[in-house]
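**Student:** Take this structure, written in structure tokens, and hold onto it; I'll ask about it next.
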Amino acid sequence: MHRRRRTALSLSTALLIAAPLLAACGNEAHPGAAAVIGGGRIEVAALQTQVKDVRQAQQTSPQSAQLIGSTGQLGRAKLYDMIVDRIVVRAADDAGVSASRKDVQRARADAAQQAGGDEQLAAMYLQQRGVAPDQIEDALRRDVLVGKLAEKIGATNTPEGQQKVNAAFVEASKALDIDVNPRYGTWNDEKMQLGDYKTPWITQVTKEEEAPAEAGA
């Protein structure tokens with residue numbers, strides 16, 4: 001057997017709870033929208049559905065109280081996540097890469113194997129990334145796109161490679177002309193921040209794999 005080293009860049013939403021929600025106020029330019037991105041809308045109703053899905057999953061968890069208590073700013077967190085989704089898609093489109101259903105299914109199978117099973121994978125995503133079970137494939141699709149983008153533009157798992165990927169996302173963010181409802185703050189293209197939320201959303205993940213890969217590695 002030969003050993004191979006796989007380097008990838010993935011998105012982490014484990015700490016998407018840093019900044020308090022601002023007091024509610026209307027967005028006269030885009031009523032009913034949490035944000036407008038590239039001419040498309042993220043409806044407040046869609047954001048609320050994402051939050052509800054996570055809360056329902058948390059309530060069924062053995063760590064329910066802890067999970068809910070640590071994600072008091074879930075509305076801000078999920079909007080940030082939804083904005084990032086669109087930035088990644090735009091950057092991937094610009095680079096000419098895409099994620100097929102087969103790519104996502106393979107990524108899910110690999111992730112489940114490493115986590116020790118589907119149930120453990122769902123628990124991990126809920127606890128570490130604030131992602132409900134029915135949101136996992138979307139999160140994995142985004143991770144796949146980031147990895148393919150990094151490969152396409154030759155961004156290695158180094159500080160220089162990280163800067164290269166970040167630059168691609170900043171460019172995509174600017175092109176999308178992101179306008180956030182003041183209720184949730186404002187979007188900063190250069191810093192990739194929503195309001196005063198400062199936690200980095202790109203993390204480097206380097207994995208060592210043996211063939212066949214060991215579960216839980």
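Just so we're on the same page: first chain in the structure tokens is A, next is B, and so on; residues restart at 1 for each chain, and ligands are numbered from 1 in the order they show up.
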Might you pull out every residue within 9 Å of Leu149 in chain A, with only C-alpha atoms counted and same-chain residues fewer than 5 positions away left off, and present them as a VMD selection string?

**Tutor:** chain A and resid 88 91 to 92 95 to 98 144 154 to 155 165 168

**Student:** Those residues you just picked out, can you put them in a file as an mmCIF file, in the first residue's frame with C-alpha atoms?

**Tutor:**
```
data_model
loop_
_atom_site.group_PDB
_atom_site.id
_atom_site.type_symbol
_atom_site.label_atom_id
_atom_site.label_comp_id
_atom_site.auth_asym_id
_atom_site.auth_seq_id
_atom_site.Cartn_x
_atom_site.Cartn_y
_atom_site.Cartn_z
ATOM 1 C CA VAL A 88 -18.048 30.298 -2.892
ATOM 2 C CA ALA A 91 -15.706 32.143 -7.042
ATOM 3 C CA ALA A 92 -15.988 28.549 -8.251
ATOM 4 C CA ALA A 95 -12.638 29.591 -11.893
ATOM 5 C CA GLY A 96 -14.651 27.159 -14.015
ATOM 6 C CA VAL A 97 -15.120 24.462 -11.383
ATOM 7 C CA SER A 98 -18.262 22.802 -10.046
ATOM 8 C CA VAL A 144 -15.926 20.400 -2.226
ATOM 9 C CA GLY A 154 -2.811 26.276 -7.547
ATOM 10 C CA ALA A 155 -3.345 27.256 -3.932
ATOM 11 C CA VAL A 165 -7.800 31.540 -2.031
ATOM 12 C CA ALA A 168 -10.474 34.783 -4.968
#
```

**Student:** May I have the residues within 12 Å of Leu145 in chain A as a ChimeraX atom specification, using only C-alpha atoms and disregarding those fewer than 5 positions away in the same chain?

**Tutor:** /A:8-11,84-101,103-104,107,138-140,150-152,165,169

**Student:** Those same residues, written as a tab-separated table (two decimals), in the first residue's frame with N, CA and C atoms?

**Tutor:**
```
chain	number	residue	atom	x	y	z
A	8	ALA	N	-6.55	19.93	1.52
A	8	ALA	CA	-7.81	20.58	1.12
A	8	ALA	C	-8.03	21.82	1.93
A	9	LEU	N	-8.87	22.67	1.42
A	9	LEU	CA	-9.29	23.86	2.15
A	9	LEU	C	-10.78	23.71	2.39
A	10	SER	N	-11.21	23.89	3.60
A	10	SER	CA	-12.63	23.71	3.90
A	10	SER	C	-13.14	24.88	4.70
A	11	LEU	N	-14.45	24.98	4.76
A	11	LEU	CA	-15.08	26.06	5.49
A	11	LEU	C	-15.43	25.60	6.89
A	84	VAL	N	-21.79	33.26	2.57
A	84	VAL	CA	-20.58	32.55	2.18
A	84	VAL	C	-20.88	31.52	1.08
A	85	ASP	N	-22.00	30.83	1.19
A	85	ASP	CA	-22.38	29.86	0.16
A	85	ASP	C	-22.36	30.50	-1.22
A	86	ARG	N	-22.94	31.67	-1.32
A	86	ARG	CA	-23.05	32.34	-2.62
A	86	ARG	C	-21.71	32.88	-3.09
A	87	ILE	N	-20.88	33.30	-2.17
A	87	ILE	CA	-19.54	33.76	-2.54
A	87	ILE	C	-18.73	32.61	-3.10
A	88	VAL	N	-18.80	31.46	-2.44
A	88	VAL	CA	-18.05	30.30	-2.89
A	88	VAL	C	-18.51	29.86	-4.28
A	89	VAL	N	-19.82	29.83	-4.48
A	89	VAL	CA	-20.35	29.44	-5.79
A	89	VAL	C	-19.86	30.39	-6.88
A	90	ARG	N	-19.89	31.69	-6.59
A	90	ARG	CA	-19.44	32.67	-7.58
A	90	ARG	C	-17.95	32.50	-7.88
A	91	ALA	N	-17.14	32.32	-6.84
A	91	ALA	CA	-15.71	32.14	-7.04
A	91	ALA	C	-15.42	30.87	-7.83
A	92	ALA	N	-16.16	29.81	-7.53
A	92	ALA	CA	-15.99	28.55	-8.25
A	92	ALA	C	-16.40	28.70	-9.71
A	93	ASP	N	-17.51	29.38	-9.95
A	93	ASP	CA	-17.96	29.63	-11.32
A	93	ASP	C	-16.90	30.42	-12.09
A	94	ASP	N	-16.36	31.44	-11.45
A	94	ASP	CA	-15.33	32.26	-12.10
A	94	ASP	C	-14.11	31.44	-12.47
A	95	ALA	N	-13.80	30.45	-11.64
A	95	ALA	CA	-12.64	29.59	-11.89
A	95	ALA	C	-12.96	28.42	-12.82
A	96	GLY	N	-14.26	28.24	-13.12
A	96	GLY	CA	-14.65	27.16	-14.01
A	96	GLY	C	-14.70	25.80	-13.37
A	97	VAL	N	-15.01	25.75	-12.07
A	97	VAL	CA	-15.12	24.46	-11.38
A	97	VAL	C	-16.53	24.32	-10.81
A	98	SER	N	-16.93	23.08	-10.60
A	98	SER	CA	-18.26	22.80	-10.05
A	98	SER	C	-18.20	21.52	-9.22
A	99	ALA	N	-19.25	21.29	-8.45
A	99	ALA	CA	-19.35	20.09	-7.62
A	99	ALA	C	-20.57	19.29	-8.07
A	100	SER	N	-20.34	18.09	-8.56
A	100	SER	CA	-21.44	17.23	-9.00
A	100	SER	C	-22.06	16.53	-7.80
A	101	ARG	N	-23.22	15.95	-8.01
A	101	ARG	CA	-23.88	15.20	-6.94
A	101	ARG	C	-22.98	14.04	-6.50
A	103	ASP	N	-19.73	14.00	-6.53
A	103	ASP	CA	-18.67	14.57	-5.70
A	103	ASP	C	-19.14	14.74	-4.26
A	104	VAL	N	-20.36	15.26	-4.11
A	104	VAL	CA	-20.90	15.51	-2.78
A	104	VAL	C	-21.17	14.19	-2.05
A	107	ALA	N	-17.92	12.85	-0.87
A	107	ALA	CA	-17.45	13.61	0.29
A	107	ALA	C	-18.21	13.23	1.54
A	138	ASP	N	-25.38	20.54	1.78
A	138	ASP	CA	-25.04	21.88	1.30
A	138	ASP	C	-23.67	22.31	1.83
A	139	ALA	N	-23.41	22.00	3.09
A	139	ALA	CA	-22.11	22.34	3.67
A	139	ALA	C	-20.99	21.57	3.00
A	140	LEU	N	-21.25	20.30	2.70
A	140	LEU	CA	-20.25	19.47	2.03
A	140	LEU	C	-20.01	19.95	0.60
A	150	ALA	N	-9.30	25.70	-4.93
A	150	ALA	CA	-7.90	25.78	-4.50
A	150	ALA	C	-7.00	25.02	-5.46
A	151	GLU	N	-7.45	23.85	-5.88
A	151	GLU	CA	-6.65	23.05	-6.81
A	151	GLU	C	-6.52	23.75	-8.16
A	152	LYS	N	-7.62	24.34	-8.63
A	152	LYS	CA	-7.62	24.98	-9.95
A	152	LYS	C	-6.67	26.17	-10.00
A	165	VAL	N	-6.39	31.91	-2.10
A	165	VAL	CA	-7.80	31.54	-2.03
A	165	VAL	C	-8.63	32.70	-1.47
A	169	PHE	N	-11.99	34.81	-3.06
A	169	PHE	CA	-13.27	35.04	-2.41
A	169	PHE	C	-13.58	36.53	-2.26
```

**Student:** Based on the backbone DSSP call, show me all residues of range 83-189 of chain A assigned helix (DSSP H, G or I), as a count of residues only.

**Tutor:** 81

**Student:** Ranking A:Ile83, A:Ala112, A:Ile37, A:Ala132 by minimum distance to Val51 in chain A and counting only C-alpha atoms, which one comes first?

**Tutor:**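 Smallest separation from Val51 in chain A among the options: A:Ala132.
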
**Student:** Check range 35-207 of chain A with DSSP on the backbone and list each residue it calls strand (DSSP E or B), as an MDAnalysis selection string.

**Tutor:** chainID A and resid 35:37 40:43 179:180 187:188 193:194 202:207

**Student:** What's the separation between CA of Ser64 in chain A and CA of Gln127 in chain A, in Å to one decimal place?

**Tutor:**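 The value is 9.8 Å.
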
**Student:** Compare A:Glu137, A:Glu171, A:Asp81, A:Asp177 by their minimum atom-to-atom distance to Leu121 in chain A, counting only C-alpha atoms, and give me the closest one.

**Tutor:** A:Glu137

**Student:** Could you please determine the separation between CA of Arg41 in chain A and CA of Ile178 in chain A in Å, to one decimal place?

**Tutor:**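 Computing the Euclidean distance for CA of Arg41 in chain A and CA of Ile178 in chain A yields 9.9 Å.
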
**Student:** In Å to one decimal, how far is CA of Val131 in chain A from CA of Gly117 in chain A?

**Tutor:**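 Interatomic distance, CA of Gly117 in chain A to CA of Val131 in chain A: 16.6 Å.
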
**Student:** Of the candidates A:Thr158, A:Gly116, A:Gln56, A:Arg108, which shows the shortest atom-to-atom distance to Asp143 in chain A, using only C-alpha atoms?

**Tutor:**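 Looking only at the distances to Asp143 in chain A, the closest residue turns out to be A:Arg108.
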
**Student:** So which residues touch Pro62 in chain A within 12 Å, counting only C-alpha atoms, skipping near sequence neighbours fewer than 4 positions away, as an MDAnalysis selection string?

**Tutor:** chainID A and resid 57:58 66:68 123 126:127

**Student:** Would you output that residue set with N, CA and C atoms, as an mmCIF file, in the first residue's frame?

**Tutor:**
```
data_model
loop_
_atom_site.group_PDB
_atom_site.id
_atom_site.type_symbol
_atom_site.label_atom_id
_atom_site.label_comp_id
_atom_site.auth_asym_id
_atom_site.auth_seq_id
_atom_site.Cartn_x
_atom_site.Cartn_y
_atom_site.Cartn_z
ATOM 1 N N ALA A 57 -33.037 20.472 15.685
ATOM 2 C CA ALA A 57 -32.028 19.425 15.830
ATOM 3 C C ALA A 57 -31.342 19.524 17.191
ATOM 4 N N GLN A 58 -31.061 20.727 17.634
ATOM 5 C CA GLN A 58 -30.415 20.915 18.935
ATOM 6 C C GLN A 58 -31.301 20.414 20.074
ATOM 7 N N GLN A 66 -26.715 22.912 26.319
ATOM 8 C CA GLN A 66 -25.398 23.468 26.012
ATOM 9 C C GLN A 66 -25.345 24.025 24.591
ATOM 10 N N LEU A 67 -25.893 23.275 23.626
ATOM 11 C CA LEU A 67 -25.866 23.710 22.233
ATOM 12 C C LEU A 67 -26.677 24.980 22.031
ATOM 13 N N ILE A 68 -27.866 25.013 22.600
ATOM 14 C CA ILE A 68 -28.717 26.182 22.443
ATOM 15 C C ILE A 68 -28.109 27.392 23.139
ATOM 16 N N ALA A 123 -24.109 14.541 14.399
ATOM 17 C CA ALA A 123 -23.858 15.138 15.709
ATOM 18 C C ALA A 123 -22.673 16.103 15.646
ATOM 19 N N LEU A 126 -23.650 19.350 13.840
ATOM 20 C CA LEU A 126 -24.534 20.156 14.674
ATOM 21 C C LEU A 126 -23.752 20.839 15.783
ATOM 22 N N GLN A 127 -22.871 20.101 16.435
ATOM 23 C CA GLN A 127 -22.125 20.625 17.575
ATOM 24 C C GLN A 127 -21.033 21.597 17.166
#
```
